[in-house]
file entry_0.cif (mmCIF, C-alpha atoms and all ligand atoms)
data_work
loop_
_atom_site.label_atom_id
_atom_site.label_comp_id
_atom_site.auth_asym_id
_atom_site.auth_seq_id
_atom_site.Cartn_x
_atom_site.Cartn_y
_atom_site.Cartn_z
CA MET A 1 0.00 0.00 0.00
CA LEU A 2 1.22 3.46 -0.90
CA ASN A 3 0.51 6.15 1.59
CA ILE A 4 -0.38 8.76 -1.03
CA ARG A 5 -0.26 12.39 0.07
CA TYR A 6 -2.74 14.63 -1.72
CA GLU A 7 -1.96 18.24 -2.51
CA LEU A 8 -4.85 19.24 -4.75
CA THR A 9 -5.00 22.37 -6.88
CA GLN A 10 -7.35 25.25 -6.13
CA ASN A 11 -7.07 26.46 -9.73
CA LYS A 12 -8.50 23.83 -12.02
CA LYS A 13 -7.74 24.47 -15.68
CA GLU A 14 -10.34 25.21 -18.29
CA LYS A 15 -10.94 22.05 -20.35
CA PRO A 16 -9.83 22.15 -24.00
CA ASP A 17 -12.30 21.68 -26.87
CA TYR A 18 -12.88 17.90 -26.70
CA ASN A 19 -13.55 17.82 -30.45
CA LYS A 20 -9.99 18.97 -31.13
CA LEU A 21 -7.98 16.89 -28.68
CA GLY A 22 -5.50 15.22 -31.02
CA PHE A 23 -2.89 13.16 -29.17
CA GLY A 24 -0.92 14.21 -26.09
CA GLN A 25 -1.42 17.95 -26.36
CA TYR A 26 -3.35 18.67 -23.17
CA PHE A 27 -2.65 17.57 -19.62
CA THR A 28 -4.95 17.27 -16.63
CA ASP A 29 -4.88 19.17 -13.32
CA HIS A 30 -2.73 16.73 -11.35
CA MET A 31 0.17 14.31 -11.58
CA PHE A 32 1.51 11.49 -9.45
CA LEU A 33 5.10 11.66 -8.22
CA MET A 34 7.24 9.31 -6.12
CA ASN A 35 10.97 9.39 -5.35
CA TYR A 36 13.56 6.67 -5.01
CA SER A 37 16.82 6.71 -3.13
CA THR A 38 19.09 3.81 -2.24
CA GLU A 39 18.56 4.52 1.47
CA LYS A 40 14.79 4.95 1.48
CA GLY A 41 13.67 2.89 -1.54
CA TRP A 42 10.50 4.22 -3.23
CA HIS A 43 9.00 6.88 -0.99
CA ASP A 44 6.94 10.07 -0.77
CA ALA A 45 4.10 9.04 -3.08
CA ARG A 46 2.06 12.15 -3.79
CA ILE A 47 -0.54 13.62 -6.10
CA VAL A 48 0.23 17.26 -6.75
CA PRO A 49 -0.84 19.98 -9.22
CA TYR A 50 0.42 19.30 -12.77
CA GLY A 51 3.37 21.54 -13.55
CA PRO A 52 7.06 21.88 -14.43
CA LEU A 53 9.70 19.94 -12.51
CA SER A 54 12.87 21.57 -11.26
CA LEU A 55 15.89 19.40 -12.11
CA ASP A 56 19.66 19.74 -11.86
CA PRO A 57 21.21 20.20 -15.34
CA ALA A 58 23.62 17.37 -14.51
CA CYS A 59 20.71 14.93 -14.03
CA ALA A 60 21.75 11.54 -15.41
CA VAL A 61 18.67 11.20 -17.62
CA PHE A 62 19.62 14.24 -19.73
CA HIS A 63 23.02 12.80 -20.59
CA TYR A 64 22.74 9.03 -20.64
CA ALA A 65 19.00 8.45 -21.12
CA GLN A 66 18.45 6.18 -18.14
CA GLU A 67 14.67 6.28 -18.22
CA MET A 68 11.60 4.24 -19.11
CA PHE A 69 7.95 4.89 -19.93
CA GLU A 70 4.60 3.18 -20.36
CA GLY A 71 1.43 4.01 -22.26
CA MET A 72 -2.13 2.92 -21.49
CA LYS A 73 -5.62 4.39 -21.45
CA ALA A 74 -8.65 4.90 -19.23
CA TYR A 75 -12.05 4.60 -20.94
CA LYS A 76 -15.45 5.85 -19.83
CA THR A 77 -18.36 3.51 -20.54
CA ALA A 78 -21.97 4.54 -21.17
CA ASP A 79 -22.90 4.06 -17.50
CA GLY A 80 -20.09 6.36 -16.35
CA THR A 81 -17.69 3.61 -15.25
CA ILE A 82 -14.03 4.47 -15.82
CA GLN A 83 -11.99 1.40 -16.71
CA LEU A 84 -8.47 0.34 -17.67
CA PHE A 85 -7.55 -2.34 -20.23
CA ARG A 86 -5.29 -5.11 -18.88
CA PRO A 87 -3.24 -2.73 -16.71
CA MET A 88 -1.26 -5.54 -15.06
CA LYS A 89 0.25 -6.36 -18.47
CA ASN A 90 1.64 -2.82 -18.71
CA ILE A 91 2.81 -2.97 -15.11
CA GLU A 92 4.61 -6.27 -15.65
CA ARG A 93 6.26 -4.83 -18.78
CA MET A 94 7.23 -1.74 -16.80
CA ASN A 95 9.30 -3.84 -14.42
CA ASN A 96 10.84 -5.80 -17.30
CA THR A 97 11.94 -2.47 -18.76
CA ASN A 98 13.23 -1.35 -15.35
CA GLU A 99 15.28 -4.54 -15.13
CA ARG A 100 16.91 -3.87 -18.53
CA MET A 101 17.62 -0.21 -17.68
CA CYS A 102 19.03 -0.86 -14.16
CA ILE A 103 16.10 1.12 -12.72
CA PRO A 104 14.77 -0.19 -9.38
CA LYS A 105 11.53 -2.13 -9.71
CA VAL A 106 8.29 -0.84 -8.30
CA ASP A 107 5.75 -3.05 -6.48
CA PRO A 108 3.13 -3.92 -9.14
CA ASP A 109 0.23 -3.34 -6.72
CA ASP A 110 1.65 0.09 -5.86
CA ILE A 111 1.81 1.03 -9.54
CA LEU A 112 -1.83 0.04 -10.04
CA GLU A 113 -2.83 1.94 -6.91
CA ALA A 114 -1.00 5.07 -8.14
CA ILE A 115 -2.61 4.87 -11.60
CA LYS A 116 -6.10 4.43 -10.17
CA ALA A 117 -5.59 7.22 -7.64
CA VAL A 118 -4.43 9.86 -10.11
CA VAL A 119 -7.09 8.91 -12.69
CA ALA A 120 -9.75 9.09 -9.95
CA VAL A 121 -8.57 12.58 -8.90
CA ASP A 122 -8.82 13.83 -12.50
CA ALA A 123 -11.86 11.70 -13.43
CA ASP A 124 -13.66 14.76 -14.81
CA TRP A 125 -11.06 14.82 -17.61
CA VAL A 126 -11.93 11.34 -18.96
CA PRO A 127 -13.80 11.98 -22.22
CA GLU A 128 -17.42 10.77 -22.41
CA GLU A 129 -17.59 10.00 -26.12
CA GLU A 130 -16.73 6.55 -27.39
CA GLY A 131 -13.43 6.68 -29.24
CA LYS A 132 -11.95 9.32 -26.94
CA SER A 133 -10.00 8.33 -23.84
CA LEU A 134 -7.59 9.46 -21.15
CA TYR A 135 -4.04 8.50 -22.09
CA ILE A 136 -1.94 7.50 -19.07
CA ARG A 137 1.82 8.03 -19.24
CA PRO A 138 3.82 6.57 -16.34
CA PHE A 139 7.58 7.18 -16.57
CA ILE A 140 10.69 6.89 -14.42
CA PHE A 141 13.98 8.68 -14.89
CA ALA A 142 17.42 8.89 -13.26
CA THR A 143 17.96 12.03 -11.19
CA ASP A 144 21.54 11.75 -9.83
CA ALA A 145 23.34 15.01 -10.58
CA ARG A 146 26.62 13.40 -11.65
CA LEU A 147 28.24 12.93 -15.05
CA GLY A 148 29.76 9.51 -14.38
CA VAL A 149 28.25 6.69 -16.44
CA HIS A 150 26.63 4.53 -13.74
CA PRO A 151 23.14 3.54 -12.80
CA SER A 152 21.67 6.40 -10.79
CA HIS A 153 21.05 6.11 -7.04
CA THR A 154 17.97 8.33 -7.18
CA TYR A 155 14.92 8.34 -9.47
CA LEU A 156 11.62 10.08 -9.98
CA PHE A 157 8.50 8.11 -10.94
CA ALA A 158 5.77 10.27 -12.47
CA ILE A 159 2.34 9.63 -13.99
CA ILE A 160 0.80 12.28 -16.20
CA LEU A 161 -2.59 12.12 -17.95
CA SER A 162 -3.76 13.48 -21.28
CA PRO A 163 -7.26 13.39 -22.79
CA VAL A 164 -6.93 12.13 -26.37
CA GLY A 165 -9.22 12.19 -29.37
CA ALA A 166 -10.53 9.32 -31.44
CA TYR A 167 -7.58 8.01 -33.43
CA TYR A 168 -9.72 7.64 -36.51
CA ALA A 169 -11.83 10.80 -36.45
CA SER A 170 -13.28 10.08 -39.92
CA GLY A 171 -13.36 6.28 -40.17
CA ILE A 172 -10.43 3.88 -40.23
CA ASN A 173 -7.96 4.88 -42.91
CA PRO A 174 -5.36 2.28 -43.87
CA VAL A 175 -1.84 3.69 -43.61
CA LYS A 176 0.94 3.54 -46.18
CA ILE A 177 4.23 2.24 -44.89
CA CYS A 178 7.75 2.19 -46.18
CA ILE A 179 10.36 -0.57 -45.72
CA GLU A 180 13.44 0.92 -44.02
CA ARG A 181 16.68 -0.67 -45.22
CA GLU A 182 19.20 1.96 -44.05
CA TYR A 183 18.42 2.65 -40.38
CA VAL A 184 17.49 0.10 -37.71
CA ARG A 185 15.48 0.43 -34.51
CA ALA A 186 16.82 -2.43 -32.43
CA VAL A 187 19.23 -5.34 -32.43
CA LYS A 188 19.39 -8.61 -30.57
CA GLY A 189 20.94 -7.88 -27.18
CA GLY A 190 19.83 -4.25 -27.29
CA THR A 191 16.81 -2.54 -25.76
CA GLY A 192 14.16 -3.26 -28.40
CA TYR A 193 11.92 -5.16 -26.01
CA ALA A 194 12.07 -2.39 -23.40
CA LYS A 195 9.88 0.71 -23.56
CA VAL A 196 12.55 3.40 -23.42
CA GLY A 197 12.95 6.85 -24.94
CA GLY A 198 16.27 5.94 -26.52
CA ASN A 199 14.55 3.53 -28.92
CA TYR A 200 12.39 6.40 -30.09
CA ALA A 201 15.24 8.92 -30.39
CA SER A 202 17.06 6.53 -32.70
CA SER A 203 13.92 5.88 -34.77
CA LEU A 204 13.23 9.54 -35.60
CA LYS A 205 15.59 9.67 -38.57
CA GLY A 206 13.93 6.75 -40.37
CA GLN A 207 10.49 8.09 -39.51
CA GLU A 208 11.40 11.53 -40.88
CA LYS A 209 12.64 9.94 -44.08
CA ALA A 210 9.39 8.00 -44.51
CA GLU A 211 7.29 11.10 -43.84
CA SER A 212 9.25 13.15 -46.37
CA MET A 213 8.25 10.55 -48.97
CA GLY A 214 4.58 10.74 -47.97
CA TYR A 215 4.49 7.61 -45.82
CA ALA A 216 2.99 7.37 -42.35
CA GLN A 217 5.22 4.73 -40.80
CA VAL A 218 8.43 2.77 -41.19
CA LEU A 219 8.59 -1.02 -41.44
CA TRP A 220 11.62 -1.92 -39.33
CA LEU A 221 13.79 -4.90 -40.23
CA ASP A 222 16.08 -6.76 -37.84
CA GLY A 223 19.36 -4.98 -37.18
CA ILE A 224 21.67 -7.87 -38.01
CA GLU A 225 20.57 -9.52 -41.25
CA ARG A 226 18.18 -6.75 -42.36
CA LYS A 227 16.00 -9.58 -43.50
CA TYR A 228 13.33 -10.23 -40.87
CA ILE A 229 10.43 -7.98 -39.93
CA ASP A 230 10.48 -6.45 -36.43
CA GLU A 231 7.76 -3.80 -36.09
CA VAL A 232 5.96 -1.00 -37.89
CA GLY A 233 6.65 2.47 -36.46
CA ALA A 234 5.80 2.13 -32.76
CA MET A 235 3.40 -0.76 -33.32
CA ASN A 236 3.62 -4.52 -33.55
CA VAL A 237 2.81 -5.88 -36.98
CA PHE A 238 0.68 -8.73 -38.35
CA PHE A 239 0.37 -10.14 -41.88
CA VAL A 240 -2.38 -12.44 -43.15
CA ILE A 241 -0.97 -14.73 -45.85
CA ASP A 242 -3.24 -17.35 -47.39
CA GLY A 243 -5.55 -16.99 -44.40
CA GLU A 244 -2.79 -17.63 -41.84
CA VAL A 245 -2.12 -14.79 -39.42
CA ILE A 246 1.62 -14.32 -38.90
CA THR A 247 3.39 -11.97 -36.49
CA PRO A 248 7.11 -11.79 -35.69
CA ALA A 249 8.04 -13.84 -32.61
CA LEU A 250 9.28 -11.99 -29.54
CA ASN A 251 12.17 -14.29 -28.71
CA GLU A 252 14.97 -12.28 -30.35
CA GLY A 253 14.49 -9.47 -27.85
CA ASN A 254 14.25 -6.68 -30.46
CA ILE A 255 10.47 -6.45 -30.44
CA LEU A 256 8.34 -4.61 -27.91
CA PRO A 257 5.82 -7.08 -26.41
CA GLY A 258 2.62 -5.10 -26.99
CA VAL A 259 -0.45 -5.59 -24.83
CA THR A 260 -2.58 -5.06 -27.96
CA ARG A 261 -0.45 -7.66 -29.79
CA ALA A 262 -1.01 -10.25 -27.04
CA SER A 263 -4.73 -9.46 -26.92
CA ALA A 264 -5.09 -9.72 -30.72
CA ILE A 265 -3.37 -13.13 -30.71
CA GLU A 266 -5.68 -14.40 -27.94
CA LEU A 267 -8.81 -13.16 -29.72
CA LEU A 268 -7.76 -14.56 -33.11
CA LYS A 269 -7.07 -17.97 -31.56
CA SER A 270 -10.41 -17.90 -29.71
CA TRP A 271 -12.08 -17.35 -33.11
CA GLY A 272 -10.42 -20.50 -34.44
CA LEU A 273 -7.96 -18.72 -36.74
CA THR A 274 -4.41 -19.97 -37.23
CA VAL A 275 -1.94 -17.55 -35.64
CA THR A 276 1.78 -18.16 -35.97
CA GLU A 277 4.49 -16.31 -34.08
CA ARG A 278 7.75 -16.82 -35.94
CA ARG A 279 10.55 -15.10 -37.81
CA LEU A 280 9.02 -13.54 -40.90
CA ALA A 281 11.32 -12.53 -43.76
CA ILE A 282 10.42 -9.37 -45.69
CA ASP A 283 11.02 -11.36 -48.91
CA GLU A 284 8.28 -13.81 -47.92
CA VAL A 285 5.81 -10.95 -47.47
CA LEU A 286 6.83 -9.30 -50.75
CA ALA A 287 6.51 -12.61 -52.62
CA ALA A 288 3.06 -13.17 -51.11
CA ALA A 289 2.06 -9.62 -52.09
CA ALA A 290 3.30 -10.16 -55.68
CA GLU A 291 1.41 -13.45 -55.95
CA GLY A 292 -1.80 -12.01 -54.51
CA ARG A 293 -1.60 -14.14 -51.36
CA LEU A 294 -1.13 -11.26 -48.90
CA ASN A 295 -4.72 -10.81 -47.71
CA GLU A 296 -4.26 -8.16 -45.01
CA ALA A 297 -1.64 -6.41 -42.90
CA PHE A 298 -2.09 -4.34 -39.75
CA GLY A 299 -0.24 -2.76 -36.85
CA THR A 300 -1.33 -3.05 -33.21
CA GLY A 301 -0.79 -0.61 -30.33
CA THR A 302 -2.64 1.24 -27.58
CA ALA A 303 -2.96 4.52 -29.51
CA ALA A 304 -4.62 3.27 -32.72
CA VAL A 305 -5.59 -0.22 -31.44
CA ILE A 306 -5.58 -1.71 -34.97
CA SER A 307 -3.99 0.20 -37.82
CA PRO A 308 -4.64 -1.42 -41.21
CA ILE A 309 -1.80 -1.19 -43.72
CA GLY A 310 -2.94 -0.28 -47.22
CA GLU A 311 0.37 0.00 -49.02
CA LEU A 312 3.90 -1.29 -48.62
CA ASN A 313 6.64 0.66 -50.40
CA ASP A 314 9.91 -1.11 -51.07
CA GLY A 315 12.38 1.45 -52.41
CA GLY A 316 9.84 2.86 -54.85
CA VAL A 317 8.09 -0.43 -55.71
CA LYS A 318 4.56 -0.16 -54.32
CA HIS A 319 2.49 -3.09 -53.16
CA VAL A 320 -1.17 -2.28 -52.48
CA ILE A 321 -2.71 -4.54 -49.82
CA ASN A 322 -6.40 -5.52 -49.91
CA LYS A 323 -7.13 -2.72 -52.43
CA GLY A 324 -6.02 -0.22 -49.77
CA GLU A 325 -9.04 -1.07 -47.64
CA ILE A 326 -9.43 -2.45 -44.13
CA GLY A 327 -9.59 -6.27 -44.14
CA THR A 328 -12.20 -8.44 -42.41
CA ILE A 329 -9.81 -9.72 -39.72
CA SER A 330 -8.49 -6.21 -38.98
CA LYS A 331 -12.04 -4.88 -38.76
CA ARG A 332 -13.26 -7.65 -36.46
CA LEU A 333 -10.26 -7.18 -34.16
CA TYR A 334 -10.76 -3.41 -34.08
CA ASP A 335 -14.48 -3.69 -33.30
CA THR A 336 -13.98 -6.31 -30.60
CA LEU A 337 -11.04 -4.65 -28.83
CA THR A 338 -12.54 -1.16 -28.85
CA GLY A 339 -15.92 -2.63 -27.88
CA ILE A 340 -14.40 -4.27 -24.79
CA GLN A 341 -12.53 -1.06 -23.93
CA TRP A 342 -15.61 1.18 -24.14
CA GLY A 343 -17.87 -1.44 -22.59
CA THR A 344 -20.11 -2.05 -25.62
CA VAL A 345 -18.89 -5.64 -26.11
CA GLU A 346 -19.10 -8.04 -23.16
CA ASP A 347 -15.71 -8.53 -21.49
CA THR A 348 -15.83 -12.34 -21.30
CA LEU A 349 -12.04 -12.54 -20.85
CA GLY A 350 -11.94 -10.30 -17.75
CA TRP A 351 -9.60 -7.79 -19.39
CA THR A 352 -11.02 -4.58 -17.94
CA VAL A 353 -10.30 -3.19 -14.47
CA LYS A 354 -12.53 -0.54 -12.94
CA VAL A 355 -11.00 2.69 -11.61
CA LYS A 356 -14.28 3.82 -10.13
C1 LIG B 1 4.31 0.67 -26.90
C2 LIG B 1 4.82 0.05 -28.14
C3 LIG B 1 4.09 -0.91 -28.88
C4 LIG B 1 2.65 -1.26 -28.59
O1 LIG B 1 2.43 -1.76 -27.32
P1 LIG B 1 0.95 -1.75 -26.70
O2 LIG B 1 1.14 -2.31 -25.35
O3 LIG B 1 0.10 -2.59 -27.58
O4 LIG B 1 0.52 -0.32 -26.70
C5 LIG B 1 4.70 -1.50 -29.97
N1 LIG B 1 5.94 -1.16 -30.35
C6 LIG B 1 6.67 -0.23 -29.68
C7 LIG B 1 8.03 0.09 -30.14
C8 LIG B 1 6.13 0.38 -28.55
O5 LIG B 1 6.85 1.31 -27.91
#

call {"tool": "encode", "arguments": {"input": "entry_0.cif", "output": "structure tokens"}}
result
Amino acid sequence: MLNIRYELTQNKKEKPDYNKLGFGQYFTDHMFLMNYSTEKGWHDARIVPYGPLSLDPACAVFHYAQEMFEGMKAYKTADGTIQLFRPMKNIERMNNTNERMCIPKVDPDDILEAIKAVVAVDADWVPEEEGKSLYIRPFIFATDARLGVHPSHTYLFAIILSPVGAYYASGINPVKICIEREYVRAVKGGTGYAKVGGNYASSLKGQEKAESMGYAQVLWLDGIERKYIDEVGAMNVFFVIDGEVITPALNEGNILPGVTRASAIELLKSWGLTVTERRLAIDEVLAAAAEGRLNEAFGTGTAAVISPIGELNDGGVKHVINKGEIGTISKRLYDTLTGIQWGTVEDTLGWTVKVK
């Protein structure tokens, strides 16, 4: 149990226009903070007014990127219930990331308590409309003010909240993606499976290149042979070839184990579809596309849930997938997952957790 101290604001902000939320642009009235030191462990859990932090310029995180983050959402159902989607999966992943980054672990029950507490305090920020949600961003960073390259002795754990709009404001639009053969995101032995800012910093260049060519996302290949598919942008990726659903296996350690990915696999199997987790060569996908056997492709992640892929560009050669339209499997997954999240589809798998 955390003994959370509450210091609530007297000046609540004016809410933004909920029809123009976008993603991650507005933040709620409060945030959760908790400190770590070697002597005291995790301590001083508190919910305080949202605002700037004062940090020493020598803080380890600014120089050597010892930090981690998570991303999940709170959804409001028609009867006013606020619920989370499989939060313990994010919390488990959080500690796996901490382990990789030499950041001290946090008691999983304490993390859930902190998330629920801060969401409950700012419950009036959770959007009412289906499709809109409250994005939850827990993160931890190293705060030792020393330039030596060592794991820090002190950390700050924060949770901030941001109301976000419907990802697909005007219907689901399949995205065009570009195969990246120059830059890589992760390699075996690296931090690909951990949710850390450094992975994103190193992905910006490839992403910028794709955007300059008019593409939404990058298809990342493995960093060693440049042959096997890892992920698409910041999403896990699935291909349907001859009716078989294939997604890259996690065992190389360069792929982020998505909660949406795991949930999609479970649902697909429960529907009796064949789902295979294995190494998937880009050449196999391109051959299937050329022979008309690539039925569908989609990305999975908390932000978009299911993101159909309508076109795959390989150095100028364009492969259109499913006529650039959303496929039946992608659509069924999207409807089921979002239905469970917003409480319009019965949660038979016990995936939702009530905040209040
Ligand atoms: C967060 C993330 C995902 C998706 O994970 P979800 O738990 O489904 O949101 C996929 N790839 C990368 C690189 C990520 O950071």

call {"tool": "atom_distance", "arguments": {"input": "entry_0.cif", "atom1": "CA of Ser203 (chain A)", "atom2": "CA of Asp222 (chain A)"}}
result
13.2 Å

call {"tool": "closest_residue", "arguments": {"input": "entry_0.cif", "among": "A:Thr81, A:Lys116, A:Thr143, A:Asp17", "to": "Ser54 (chain A)", "atoms": "all atoms listed in the file"}}
result
A:Thr143

call {"tool": "residues_near_ligand", "arguments": {"input": "entry_0.cif", "ligand": "ligand LIG 1 (chain B)", "cutoff": "9 Å", "atoms": "only C-alpha atoms and all ligand atoms", "output": "PyMOL selection string"}}
result
chain A and resi 69-72+89-90+93+185+192-197+199-200+231-237+255-263+299-305

call {"tool": "closest_residue", "arguments": {"input": "entry_0.cif", "among": "A:Asn173, A:Gln217, A:Thr38, A:Asn254", "to": "Gly189 (chain A)", "atoms": "all atoms listed in the file"}}
result
A:Asn254

call {"tool": "atom_distance", "arguments": {"input": "entry_0.cif", "atom1": "CA of Phe62 (chain A)", "atom2": "CA of Gly22 (chain A)"}}
result
27.6 Å

call {"tool": "closest_residue", "arguments": {"input": "entry_0.cif", "among": "A:Ala74, A:Met31, A:Val320, A:Cys102", "to": "Thr9 (chain A)", "atoms": "only C-alpha atoms"}}
result
A:Met31

call {"tool": "residues_around", "arguments": {"input": "entry_0.cif", "residues": "Lys205 (chain A)", "least_positions_apart": "6", "cutoff": "10 Å", "atoms": "only C-alpha atoms", "output": "PyMOL selection string"}}
result
chain A and resi 183-184+211

call {"tool": "closest_residue", "arguments": {"input": "entry_0.cif", "among": "A:Asn251, A:Gln207, A:Gln25, A:Gln83", "to": "Ile340 (chain A)", "atoms": "only C-alpha atoms"}}
result
A:Gln83

call {"tool": "closest_residue", "arguments": {"input": "entry_0.cif", "among": "A:Leu112, A:Leu53, A:Ile172, A:Val240", "to": "Ile136 (chain A)", "atoms": "all atoms listed in the file"}}
result
A:Leu112

call {"tool": "build_atoms", "arguments": {"input": "entry_0.cif", "residues": "region 268-276 of chain A", "atoms": "all heavy atoms", "output": "tab-separated table (two decimals), in the coordinates of the input"}}
result
chain	number	residue	atom	x	y	z
A	268	LEU	N	-7.81	-13.83	-31.83
A	268	LEU	CA	-7.76	-14.56	-33.11
A	268	LEU	C	-7.82	-16.07	-32.87
A	268	LEU	O	-8.56	-16.79	-33.56
A	268	LEU	CB	-6.48	-14.20	-33.87
A	268	LEU	CG	-6.39	-12.77	-34.40
A	268	LEU	CD1	-4.97	-12.42	-34.80
A	268	LEU	CD2	-7.35	-12.57	-35.58
A	269	LYS	N	-7.07	-16.54	-31.87
A	269	LYS	CA	-7.07	-17.97	-31.56
A	269	LYS	C	-8.45	-18.40	-31.07
A	269	LYS	O	-8.94	-19.47	-31.43
A	269	LYS	CB	-6.00	-18.31	-30.53
A	269	LYS	CG	-4.60	-18.27	-31.13
A	269	LYS	CD	-3.54	-18.73	-30.14
A	269	LYS	CE	-2.17	-18.79	-30.82
A	269	LYS	NZ	-1.08	-18.95	-29.85
A	270	SER	N	-9.08	-17.54	-30.25
A	270	SER	CA	-10.41	-17.90	-29.71
A	270	SER	C	-11.45	-17.96	-30.83
A	270	SER	O	-12.49	-18.59	-30.69
A	270	SER	CB	-10.84	-16.91	-28.62
A	270	SER	OG	-11.28	-15.70	-29.21
A	271	TRP	N	-11.16	-17.28	-31.96
A	271	TRP	CA	-12.08	-17.35	-33.11
A	271	TRP	C	-11.76	-18.53	-34.03
A	271	TRP	O	-12.34	-18.66	-35.11
A	271	TRP	CB	-12.00	-16.05	-33.93
A	271	TRP	CG	-12.44	-14.85	-33.16
A	271	TRP	CD1	-13.27	-14.80	-32.08
A	271	TRP	CD2	-12.05	-13.47	-33.40
A	271	TRP	NE1	-13.43	-13.51	-31.64
A	271	TRP	CE2	-12.70	-12.67	-32.43
A	271	TRP	CE3	-11.23	-12.85	-34.35
A	271	TRP	CZ2	-12.54	-11.29	-32.38
A	271	TRP	CZ3	-11.07	-11.47	-34.29
A	271	TRP	CH2	-11.72	-10.71	-33.32
A	272	GLY	N	-10.77	-19.31	-33.64
A	272	GLY	CA	-10.42	-20.50	-34.44
A	272	GLY	C	-9.49	-20.22	-35.61
A	272	GLY	O	-9.32	-21.06	-36.49
A	273	LEU	N	-8.89	-19.03	-35.64
A	273	LEU	CA	-7.96	-18.72	-36.74
A	273	LEU	C	-6.56	-19.23	-36.40
A	273	LEU	O	-6.21	-19.39	-35.24
A	273	LEU	CB	-7.90	-17.21	-36.96
A	273	LEU	CG	-9.19	-16.60	-37.53
A	273	LEU	CD1	-9.22	-15.11	-37.34
A	273	LEU	CD2	-9.31	-16.95	-39.01
A	274	THR	N	-5.78	-19.51	-37.43
A	274	THR	CA	-4.41	-19.97	-37.23
A	274	THR	C	-3.52	-18.75	-37.05
A	274	THR	O	-3.44	-17.90	-37.94
A	274	THR	CB	-3.93	-20.78	-38.45
A	274	THR	OG1	-4.92	-21.76	-38.73
A	274	THR	CG2	-2.59	-21.44	-38.19
A	275	VAL	N	-2.86	-18.65	-35.90
A	275	VAL	CA	-1.94	-17.55	-35.64
A	275	VAL	C	-0.56	-18.14	-35.39
A	275	VAL	O	-0.40	-19.02	-34.56
A	275	VAL	CB	-2.35	-16.74	-34.38
A	275	VAL	CG1	-1.49	-15.50	-34.24
A	275	VAL	CG2	-3.82	-16.37	-34.42
A	276	THR	N	0.42	-17.65	-36.13
A	276	THR	CA	1.78	-18.16	-35.97
A	276	THR	C	2.70	-17.03	-35.56
A	276	THR	O	2.73	-15.99	-36.19
A	276	THR	CB	2.27	-18.77	-37.31
A	276	THR	OG1	1.21	-19.55	-37.86
A	276	THR	CG2	3.48	-19.64	-37.10
